[in-house]
Amino acid sequence: MDVIVIGGGIAGVATAYQLRAAGHRVCVVERHATVAQGATYGHGGTVLPTPLDVWFGPTFMASRQNARNGVVNKAGFNGSARQFVKQLAELQEPNAFGHQYGLLRPLIELSRDTMADMEARFGLEFEQTSGLLYLVRSEQEWEQLRPARGLLQLFEVPHHELTPEQCAAFEHSVRTEPEFAGGVLFDQERTANAPLFTKLIKQTLDTQGGVQFMLGCEVSSIRLDGQRASVELAPQPGASSRSREVDVIHADAVVVAAGHGSLPLLERLGLRLPLHPLRLHTLVAPIAHEECAPHVAIVDAVKRIAISRMNHRLRIAGGAVLQSAGQIDKPLGEAVTKEALALLGQATHDWIPGAARISVALPWEGVKLLSPDGLPVIGNALHPRLFVNAGHGPAGWGLACGSGKLVADLISGGTPDVPVDTLAALRPDRFK
């Protein structure tokens with residue numbers, strides 16, 4: 001089959017890889033000049049989510065004080081934004097949280113296996129580092145994490161609960177003063193460079209053939225007709241007038257994997273997904289003092305701020321801003337951006353003082369989509385030839401690899417390697 005994938009981030013490129021592995025011919029359409037330039041570019045580095053950092057459950061928005069949960073609420077919330085927060089709040093109840101994570105877990109394991117196969121097959125090196133240390137400030141926050149810690153036991157996720165002294169003994173950069181409650185160590189989980197991984201996969205596809213990348217091209221609409229599908233490309237800036245038919249690409253199937261750009265394309269077809277934008281921030285800072293720099297990734301478990309080392313720099317990611325969906329294309333005000341970046345700098349100072357030169361850090365911000373039930377949107381939608389792969393949220397870019405495998409299986413008519421209830425929970429039509 002001929003398949004068009006819209007989006008050149010990690011979701012789109014991973015989907016293209018899996019489709020090609022299944023024997024299909026693929027065309028990836030990306031509006032930027034190269035891949036991994038959108039939300040993928042600023043990812044914090046955590047490869048796969050654990051129960052401690054999925055963006056739903058007991059600690060997400062548990063406190064409305066920004067300093068407590070690391071999420072900045074932008075003024076001007078509309079009704080849909082308030083409804084979104086209310087729906088996610090329902091997952092704070094332990095049983096609801098456990099059920100929802102249980103549905104997500106098979107996708108996490110599929111993603112783990114898929115990534116391992118890709119790495120081994122091509123010997124990929126993308127700054128992988130083992131070890132994540134989640135730190136918790138207070139006994140109250142430690143108690144909030146009890147349902148998540150219980151799921152670690154239930155699903156037999158390898159981990160170690162540490163006292164503050166054990167945290168400091170394992171990771172020399174962590175200080176025991178001021179006091180904190182403790183930490184959870186995942187010595188088998190990893191951080192890595194998401195944009196580098198995406199570019200390496202593209203290089204692999206370029207070498208193998210069978211996948212065409214149309215870079216610097218933007219899709220304006222999707223056409224669905226009978227057993228065929230096509231996409232219409234927006235005119236290039238400054239291009240001369242020409243036949244519109246030249247700007248249409250035909251295929252047997254279309255996969256929409258364009259991050260927040262997926263929403264308007266799907267809305268024009270009549271599919272309105274209740275995915276909500278989170279504007280994430282990242283600081284890339286040079287290491288100030290080598291003796292203060294961590295050797296494993298440090299994660300503020302409640303504020304959801306991840307600090308990962310990549311060579312001679314630290315990548316500090318978090319500072320989420322929750323805003324109304326209608327403001328997704330509008331820049332944040334200077335005060336809001338300053339507040340979000342200040343959260344990143346403060347978390348770095350709190351946990352690993354002296355490690356980063358925050359004053360010369362390079363900032364980045366981008367939009368990631370979060371669903372009201374915390375799960376990504378993966379599967380067939382509206383038409384037998386239309387598929388969606390979006391809404392993976394901020395935690396864990398490795399989910400995109402498993403999602404790509406799932407989409408490829410569906411397009412090929414195979415049986416996906418996830419349980420039926422997980423497949424149903426990911427479907428785009430579940431929000432009806």
# chains A, B, ... in the order shown; residues from 1 in each chain; ligands from 1

call {"tool": "select_by_dssp", "arguments": {"residues": "segment 103-163 of chain A", "states": "alpha helix (DSSP H)", "output": "PyMOL selection string"}}
result
chain A and resi 103-122+139-144+146-154

call {"tool": "write_last_selection", "arguments": {"atoms": "C-alpha atoms", "output": "PDB file, in the first residue's frame"}}
result
ATOM      1  CA  LEU A 103      -4.723   0.206  30.009  1.00  0.00           C
ATOM      2  CA  LEU A 104      -1.610   2.218  29.141  1.00  0.00           C
ATOM      3  CA  ARG A 105       0.860  -0.378  30.407  1.00  0.00           C
ATOM      4  CA  PRO A 106       0.691  -2.741  27.366  1.00  0.00           C
ATOM      5  CA  LEU A 107       1.525   0.179  25.058  1.00  0.00           C
ATOM      6  CA  ILE A 108       4.513   1.044  27.257  1.00  0.00           C
ATOM      7  CA  GLU A 109       5.814  -2.523  27.016  1.00  0.00           C
ATOM      8  CA  LEU A 110       5.180  -2.679  23.260  1.00  0.00           C
ATOM      9  CA  SER A 111       7.138   0.562  22.910  1.00  0.00           C
ATOM     10  CA  ARG A 112       9.990  -0.828  25.001  1.00  0.00           C
ATOM     11  CA  ASP A 113      10.260  -3.923  22.811  1.00  0.00           C
ATOM     12  CA  THR A 114       9.959  -1.941  19.587  1.00  0.00           C
ATOM     13  CA  MET A 115      12.696   0.514  20.562  1.00  0.00           C
ATOM     14  CA  ALA A 116      14.988  -2.300  21.682  1.00  0.00           C
ATOM     15  CA  ASP A 117      14.591  -3.957  18.280  1.00  0.00           C
ATOM     16  CA  MET A 118      15.335  -0.712  16.413  1.00  0.00           C
ATOM     17  CA  GLU A 119      18.435  -0.017  18.517  1.00  0.00           C
ATOM     18  CA  ALA A 120      19.833  -3.516  18.156  1.00  0.00           C
ATOM     19  CA  ARG A 121      19.076  -3.780  14.457  1.00  0.00           C
ATOM     20  CA  PHE A 122      20.945  -0.608  13.509  1.00  0.00           C
ATOM     21  CA  GLU A 139       5.823  13.582  53.478  1.00  0.00           C
ATOM     22  CA  GLN A 140       2.491  14.826  52.134  1.00  0.00           C
ATOM     23  CA  GLU A 141       3.741  14.459  48.557  1.00  0.00           C
ATOM     24  CA  TRP A 142       5.189  11.045  49.399  1.00  0.00           C
ATOM     25  CA  GLU A 143       1.728  10.008  50.560  1.00  0.00           C
ATOM     26  CA  GLN A 144       0.168  11.417  47.370  1.00  0.00           C
ATOM     27  CA  ARG A 146       1.192   5.995  47.324  1.00  0.00           C
ATOM     28  CA  PRO A 147      -1.146   4.776  44.508  1.00  0.00           C
ATOM     29  CA  ALA A 148       1.643   5.152  41.944  1.00  0.00           C
ATOM     30  CA  ARG A 149       4.117   3.339  44.199  1.00  0.00           C
ATOM     31  CA  GLY A 150       1.538   0.578  44.589  1.00  0.00           C
ATOM     32  CA  LEU A 151       1.320   0.187  40.814  1.00  0.00           C
ATOM     33  CA  LEU A 152       5.086  -0.216  40.641  1.00  0.00           C
ATOM     34  CA  GLN A 153       4.687  -3.254  42.888  1.00  0.00           C
ATOM     35  CA  LEU A 154       1.613  -4.554  41.055  1.00  0.00           C
TER      36      LEU A 154
END

call {"tool": "residues_around", "arguments": {"residues": "segment 191-199 of chain A", "least_positions_apart": "6", "cutoff": "10 Å", "atoms": "only C-alpha atoms", "output": "JSON, numbers by chain"}}
result
{"A": [8, 9, 10, 11, 12, 13, 14, 34, 35, 36, 37, 38, 39, 40, 41, 42, 43, 44, 45, 46, 47, 48, 119, 124, 125, 126, 127, 128, 129, 130, 131, 132, 205, 296, 297, 306, 307, 308, 309, 310, 315, 396, 397, 398]}

call {"tool": "closest_residue", "arguments": {"among": "A:Cys292, A:Ala317, A:Ala400, A:Ala390", "to": "Arg357 of chain A", "atoms": "only C-alpha atoms"}}
result
A:Cys292

call {"tool": "residues_around", "arguments": {"residues": "Leu265 of chain A", "least_positions_apart": "3", "cutoff": "6 Å", "atoms": "only C-alpha atoms", "output": "mmCIF file with N, CA and C atoms, in the first residue's frame"}}
result
data_model
loop_
_atom_site.group_PDB
_atom_site.id
_atom_site.type_symbol
_atom_site.label_atom_id
_atom_site.label_comp_id
_atom_site.auth_asym_id
_atom_site.auth_seq_id
_atom_site.Cartn_x
_atom_site.Cartn_y
_atom_site.Cartn_z
ATOM 1 N N SER A 221 -5.318 20.198 3.808
ATOM 2 C CA SER A 221 -6.548 19.428 4.014
ATOM 3 C C SER A 221 -6.338 17.982 3.614
ATOM 4 N N SER A 262 -2.446 18.298 14.203
ATOM 5 C CA SER A 262 -3.429 17.283 13.823
ATOM 6 C C SER A 262 -4.856 17.773 14.030
ATOM 7 N N ARG A 268 -11.591 19.653 10.206
ATOM 8 C CA ARG A 268 -12.150 19.928 8.879
ATOM 9 C C ARG A 268 -12.861 18.702 8.304
#

call {"tool": "closest_atom_pairs", "arguments": {"of": "segment 231-308 of chain A", "to": "segment 402-417 of chain A", "cutoff": "10 Å", "atoms": "only C-alpha atoms", "output": "JSON lines"}}
result
{"residue": "A:Asp252", "atom": "CA", "partner": "A:Ile411", "partner_atom": "CA", "distance": 9.7}
{"residue": "A:Ala253", "atom": "CA", "partner": "A:Ile411", "partner_atom": "CA", "distance": 7.8}
{"residue": "A:Val254", "atom": "CA", "partner": "A:Ile411", "partner_atom": "CA", "distance": 9.7}
{"residue": "A:Val255", "atom": "CA", "partner": "A:Val407", "partner_atom": "CA", "distance": 8.3}
{"residue": "A:Ala257", "atom": "CA", "partner": "A:Gly404", "partner_atom": "CA", "distance": 9.6}

call {"tool": "closest_residue", "arguments": {"among": "A:Lys432, A:Lys86, A:His172, A:His32", "to": "Leu215 of chain A", "atoms": "only C-alpha atoms"}}
result
A:His32

call {"tool": "residues_around", "arguments": {"residues": "segment 320-335 of chain A", "least_positions_apart": "5", "cutoff": "10 Å", "atoms": "only C-alpha atoms", "output": "number ranges by chain"}}
result
A: 66, 69-82, 84-85, 260-261, 274-282, 303-305, 340-341, 343, 365-369, 394

call {"tool": "select_by_dssp", "arguments": {"residues": "segment 212-363 of chain A", "states": "strand (DSSP E or B)", "output": "ChimeraX atom specification"}}
result
/A:212-215,219-225,228-233,248-251,253-256,276-287,297-300,305-310,313-322,356,362-363

call {"tool": "atom_distance", "arguments": {"atom1": "atom CA of Gln203 of chain A", "atom2": "atom CA of Asp2 of chain A"}}
result
20.3 Å

call {"tool": "closest_residue", "arguments": {"among": "A:Gly102, A:Gly182, A:Gly7, A:Gly23", "to": "Phe213 of chain A", "atoms": "only C-alpha atoms"}}
result
A:Gly7

call {"tool": "atom_distance", "arguments": {"atom1": "atom CA of His312 of chain A", "atom2": "atom CA of Glu290 of chain A"}}
result
8.8 Å

call {"tool": "atom_distance", "arguments": {"atom1": "atom CA of Ala181 of chain A", "atom2": "atom CA of Glu161 of chain A"}}
result
10.9 Å

call {"tool": "decode", "arguments": {"residues": "segment 230-350 of chain A", "atoms": "C-alpha atoms", "output": "PDB file, in the first residue's frame"}}
result
ATOM      1  CA  SER A 230      -5.228  12.080  -0.458  1.00  0.00           C
ATOM      2  CA  VAL A 231      -3.766  15.215   1.050  1.00  0.00           C
ATOM      3  CA  GLU A 232      -3.736  18.712  -0.369  1.00  0.00           C
ATOM      4  CA  LEU A 233      -0.590  20.763   0.155  1.00  0.00           C
ATOM      5  CA  ALA A 234      -0.584  24.461   0.930  1.00  0.00           C
ATOM      6  CA  PRO A 235       1.168  26.608  -1.700  1.00  0.00           C
ATOM      7  CA  GLN A 236       4.812  27.319  -0.975  1.00  0.00           C
ATOM      8  CA  PRO A 237       5.459  30.923   0.104  1.00  0.00           C
ATOM      9  CA  GLY A 238       6.286  32.969  -2.967  1.00  0.00           C
ATOM     10  CA  ALA A 239       5.471  30.143  -5.361  1.00  0.00           C
ATOM     11  CA  SER A 240       3.998  31.045  -8.717  1.00  0.00           C
ATOM     12  CA  SER A 241       0.409  30.222  -9.522  1.00  0.00           C
ATOM     13  CA  ARG A 242      -0.022  26.659 -10.734  1.00  0.00           C
ATOM     14  CA  SER A 243      -2.599  23.932 -11.003  1.00  0.00           C
ATOM     15  CA  ARG A 244      -4.042  22.874  -7.671  1.00  0.00           C
ATOM     16  CA  GLU A 245      -3.986  19.260  -8.866  1.00  0.00           C
ATOM     17  CA  VAL A 246      -0.179  19.327  -8.720  1.00  0.00           C
ATOM     18  CA  ASP A 247      -0.433  19.962  -4.991  1.00  0.00           C
ATOM     19  CA  VAL A 248      -2.445  16.807  -4.242  1.00  0.00           C
ATOM     20  CA  ILE A 249      -0.827  13.518  -3.195  1.00  0.00           C
ATOM     21  CA  HIS A 250      -2.877  10.324  -3.475  1.00  0.00           C
ATOM     22  CA  ALA A 251      -2.474   7.187  -1.383  1.00  0.00           C
ATOM     23  CA  ASP A 252      -4.255   4.155  -0.010  1.00  0.00           C
ATOM     24  CA  ALA A 253      -4.191   5.485   3.571  1.00  0.00           C
ATOM     25  CA  VAL A 254      -3.322   8.607   5.552  1.00  0.00           C
ATOM     26  CA  VAL A 255      -1.897   8.717   9.083  1.00  0.00           C
ATOM     27  CA  VAL A 256      -2.280  12.009  10.963  1.00  0.00           C
ATOM     28  CA  ALA A 257       0.676  12.301  13.358  1.00  0.00           C
ATOM     29  CA  ALA A 258       1.281  16.041  13.312  1.00  0.00           C
ATOM     30  CA  GLY A 259       1.110  16.873  17.017  1.00  0.00           C
ATOM     31  CA  HIS A 260      -1.129  19.834  17.747  1.00  0.00           C
ATOM     32  CA  GLY A 261      -1.299  20.432  13.986  1.00  0.00           C
ATOM     33  CA  SER A 262      -3.429  17.283  13.823  1.00  0.00           C
ATOM     34  CA  LEU A 263      -6.419  18.974  15.422  1.00  0.00           C
ATOM     35  CA  PRO A 264      -7.413  21.454  12.672  1.00  0.00           C
ATOM     36  CA  LEU A 265      -6.888  18.835   9.943  1.00  0.00           C
ATOM     37  CA  LEU A 266      -9.204  16.405  11.704  1.00  0.00           C
ATOM     38  CA  GLU A 267     -11.753  19.089  12.572  1.00  0.00           C
ATOM     39  CA  ARG A 268     -12.150  19.928   8.879  1.00  0.00           C
ATOM     40  CA  LEU A 269     -13.177  16.300   8.375  1.00  0.00           C
ATOM     41  CA  GLY A 270     -15.696  16.472  11.204  1.00  0.00           C
ATOM     42  CA  LEU A 271     -13.633  14.792  13.922  1.00  0.00           C
ATOM     43  CA  ARG A 272     -13.199  17.023  16.951  1.00  0.00           C
ATOM     44  CA  LEU A 273     -10.873  15.473  19.498  1.00  0.00           C
ATOM     45  CA  PRO A 274     -10.981  16.915  23.038  1.00  0.00           C
ATOM     46  CA  LEU A 275      -7.179  17.015  23.279  1.00  0.00           C
ATOM     47  CA  HIS A 276      -5.841  19.923  25.255  1.00  0.00           C
ATOM     48  CA  PRO A 277      -2.609  21.859  24.715  1.00  0.00           C
ATOM     49  CA  LEU A 278       0.131  21.920  27.324  1.00  0.00           C
ATOM     50  CA  ARG A 279       2.854  24.404  26.523  1.00  0.00           C
ATOM     51  CA  LEU A 280       6.096  22.867  27.787  1.00  0.00           C
ATOM     52  CA  HIS A 281       9.386  24.635  28.437  1.00  0.00           C
ATOM     53  CA  THR A 282      12.984  23.462  28.282  1.00  0.00           C
ATOM     54  CA  LEU A 283      16.269  24.996  29.341  1.00  0.00           C
ATOM     55  CA  VAL A 284      19.539  23.663  27.922  1.00  0.00           C
ATOM     56  CA  ALA A 285      22.294  24.838  30.250  1.00  0.00           C
ATOM     57  CA  PRO A 286      26.033  24.203  30.250  1.00  0.00           C
ATOM     58  CA  ILE A 287      27.384  22.407  33.293  1.00  0.00           C
ATOM     59  CA  ALA A 288      28.784  24.908  35.763  1.00  0.00           C
ATOM     60  CA  HIS A 289      30.785  22.607  38.041  1.00  0.00           C
ATOM     61  CA  GLU A 290      31.496  19.020  37.056  1.00  0.00           C
ATOM     62  CA  GLU A 291      31.565  17.863  40.672  1.00  0.00           C
ATOM     63  CA  CYS A 292      27.976  19.110  41.106  1.00  0.00           C
ATOM     64  CA  ALA A 293      26.560  17.543  37.933  1.00  0.00           C
ATOM     65  CA  PRO A 294      24.394  14.419  38.271  1.00  0.00           C
ATOM     66  CA  HIS A 295      25.290  11.098  36.650  1.00  0.00           C
ATOM     67  CA  VAL A 296      21.649   9.981  36.431  1.00  0.00           C
ATOM     68  CA  ALA A 297      18.536  11.933  35.511  1.00  0.00           C
ATOM     69  CA  ILE A 298      16.858  13.805  38.364  1.00  0.00           C
ATOM     70  CA  VAL A 299      13.070  14.173  38.283  1.00  0.00           C
ATOM     71  CA  ASP A 300      10.993  16.318  40.610  1.00  0.00           C
ATOM     72  CA  ALA A 301       8.189  13.778  40.982  1.00  0.00           C
ATOM     73  CA  VAL A 302       5.370  16.205  41.798  1.00  0.00           C
ATOM     74  CA  LYS A 303       6.437  19.259  39.819  1.00  0.00           C
ATOM     75  CA  ARG A 304       7.217  17.002  36.822  1.00  0.00           C
ATOM     76  CA  ILE A 305      10.525  18.686  36.066  1.00  0.00           C
ATOM     77  CA  ALA A 306      13.192  16.417  34.586  1.00  0.00           C
ATOM     78  CA  ILE A 307      16.904  17.240  34.633  1.00  0.00           C
ATOM     79  CA  SER A 308      18.946  14.990  32.371  1.00  0.00           C
ATOM     80  CA  ARG A 309      22.590  15.168  31.431  1.00  0.00           C
ATOM     81  CA  MET A 310      23.610  15.097  27.787  1.00  0.00           C
ATOM     82  CA  ASN A 311      27.376  15.321  27.377  1.00  0.00           C
ATOM     83  CA  HIS A 312      28.492  18.706  28.785  1.00  0.00           C
ATOM     84  CA  ARG A 313      25.044  20.179  29.181  1.00  0.00           C
ATOM     85  CA  LEU A 314      21.907  19.706  31.241  1.00  0.00           C
ATOM     86  CA  ARG A 315      18.425  19.585  29.729  1.00  0.00           C
ATOM     87  CA  ILE A 316      15.806  20.830  32.182  1.00  0.00           C
ATOM     88  CA  ALA A 317      12.236  20.252  31.040  1.00  0.00           C
ATOM     89  CA  GLY A 318       8.835  21.001  32.522  1.00  0.00           C
ATOM     90  CA  GLY A 319       7.192  24.303  33.411  1.00  0.00           C
ATOM     91  CA  ALA A 320       3.903  23.313  31.817  1.00  0.00           C
ATOM     92  CA  VAL A 321       1.409  26.063  31.043  1.00  0.00           C
ATOM     93  CA  LEU A 322      -2.210  24.981  30.820  1.00  0.00           C
ATOM     94  CA  GLN A 323      -4.152  27.295  28.543  1.00  0.00           C
ATOM     95  CA  SER A 324      -7.352  27.337  26.543  1.00  0.00           C
ATOM     96  CA  ALA A 325      -7.326  25.378  23.285  1.00  0.00           C
ATOM     97  CA  GLY A 326      -8.199  28.486  21.291  1.00  0.00           C
ATOM     98  CA  GLN A 327      -4.922  30.098  22.364  1.00  0.00           C
ATOM     99  CA  ILE A 328      -2.737  27.312  21.009  1.00  0.00           C
ATOM    100  CA  ASP A 329      -1.291  29.440  18.192  1.00  0.00           C
ATOM    101  CA  LYS A 330      -0.850  32.588  20.256  1.00  0.00           C
ATOM    102  CA  PRO A 331       2.436  33.348  22.035  1.00  0.00           C
ATOM    103  CA  LEU A 332       2.501  33.320  25.811  1.00  0.00           C
ATOM    104  CA  GLY A 333       2.810  36.596  27.621  1.00  0.00           C
ATOM    105  CA  GLU A 334       6.248  37.479  28.898  1.00  0.00           C
ATOM    106  CA  ALA A 335       5.184  37.161  32.530  1.00  0.00           C
ATOM    107  CA  VAL A 336       3.837  33.618  32.043  1.00  0.00           C
ATOM    108  CA  THR A 337       6.948  32.483  30.183  1.00  0.00           C
ATOM    109  CA  LYS A 338       9.144  33.985  32.882  1.00  0.00           C
ATOM    110  CA  GLU A 339       7.189  32.162  35.594  1.00  0.00           C
ATOM    111  CA  ALA A 340       7.457  28.828  33.772  1.00  0.00           C
ATOM    112  CA  LEU A 341      11.202  29.148  33.191  1.00  0.00           C
ATOM    113  CA  ALA A 342      11.709  30.243  36.796  1.00  0.00           C
ATOM    114  CA  LEU A 343      10.190  26.924  37.920  1.00  0.00           C
ATOM    115  CA  LEU A 344      12.865  25.077  35.937  1.00  0.00           C
ATOM    116  CA  GLY A 345      15.703  27.155  37.321  1.00  0.00           C
ATOM    117  CA  GLN A 346      14.441  26.853  40.880  1.00  0.00           C
ATOM    118  CA  ALA A 347      14.041  23.067  40.684  1.00  0.00           C
ATOM    119  CA  THR A 348      17.617  22.763  39.417  1.00  0.00           C
ATOM    120  CA  HIS A 349      18.881  24.941  42.274  1.00  0.00           C
ATOM    121  CA  ASP A 350      16.815  23.018  44.837  1.00  0.00           C
TER     122      ASP A 350
END
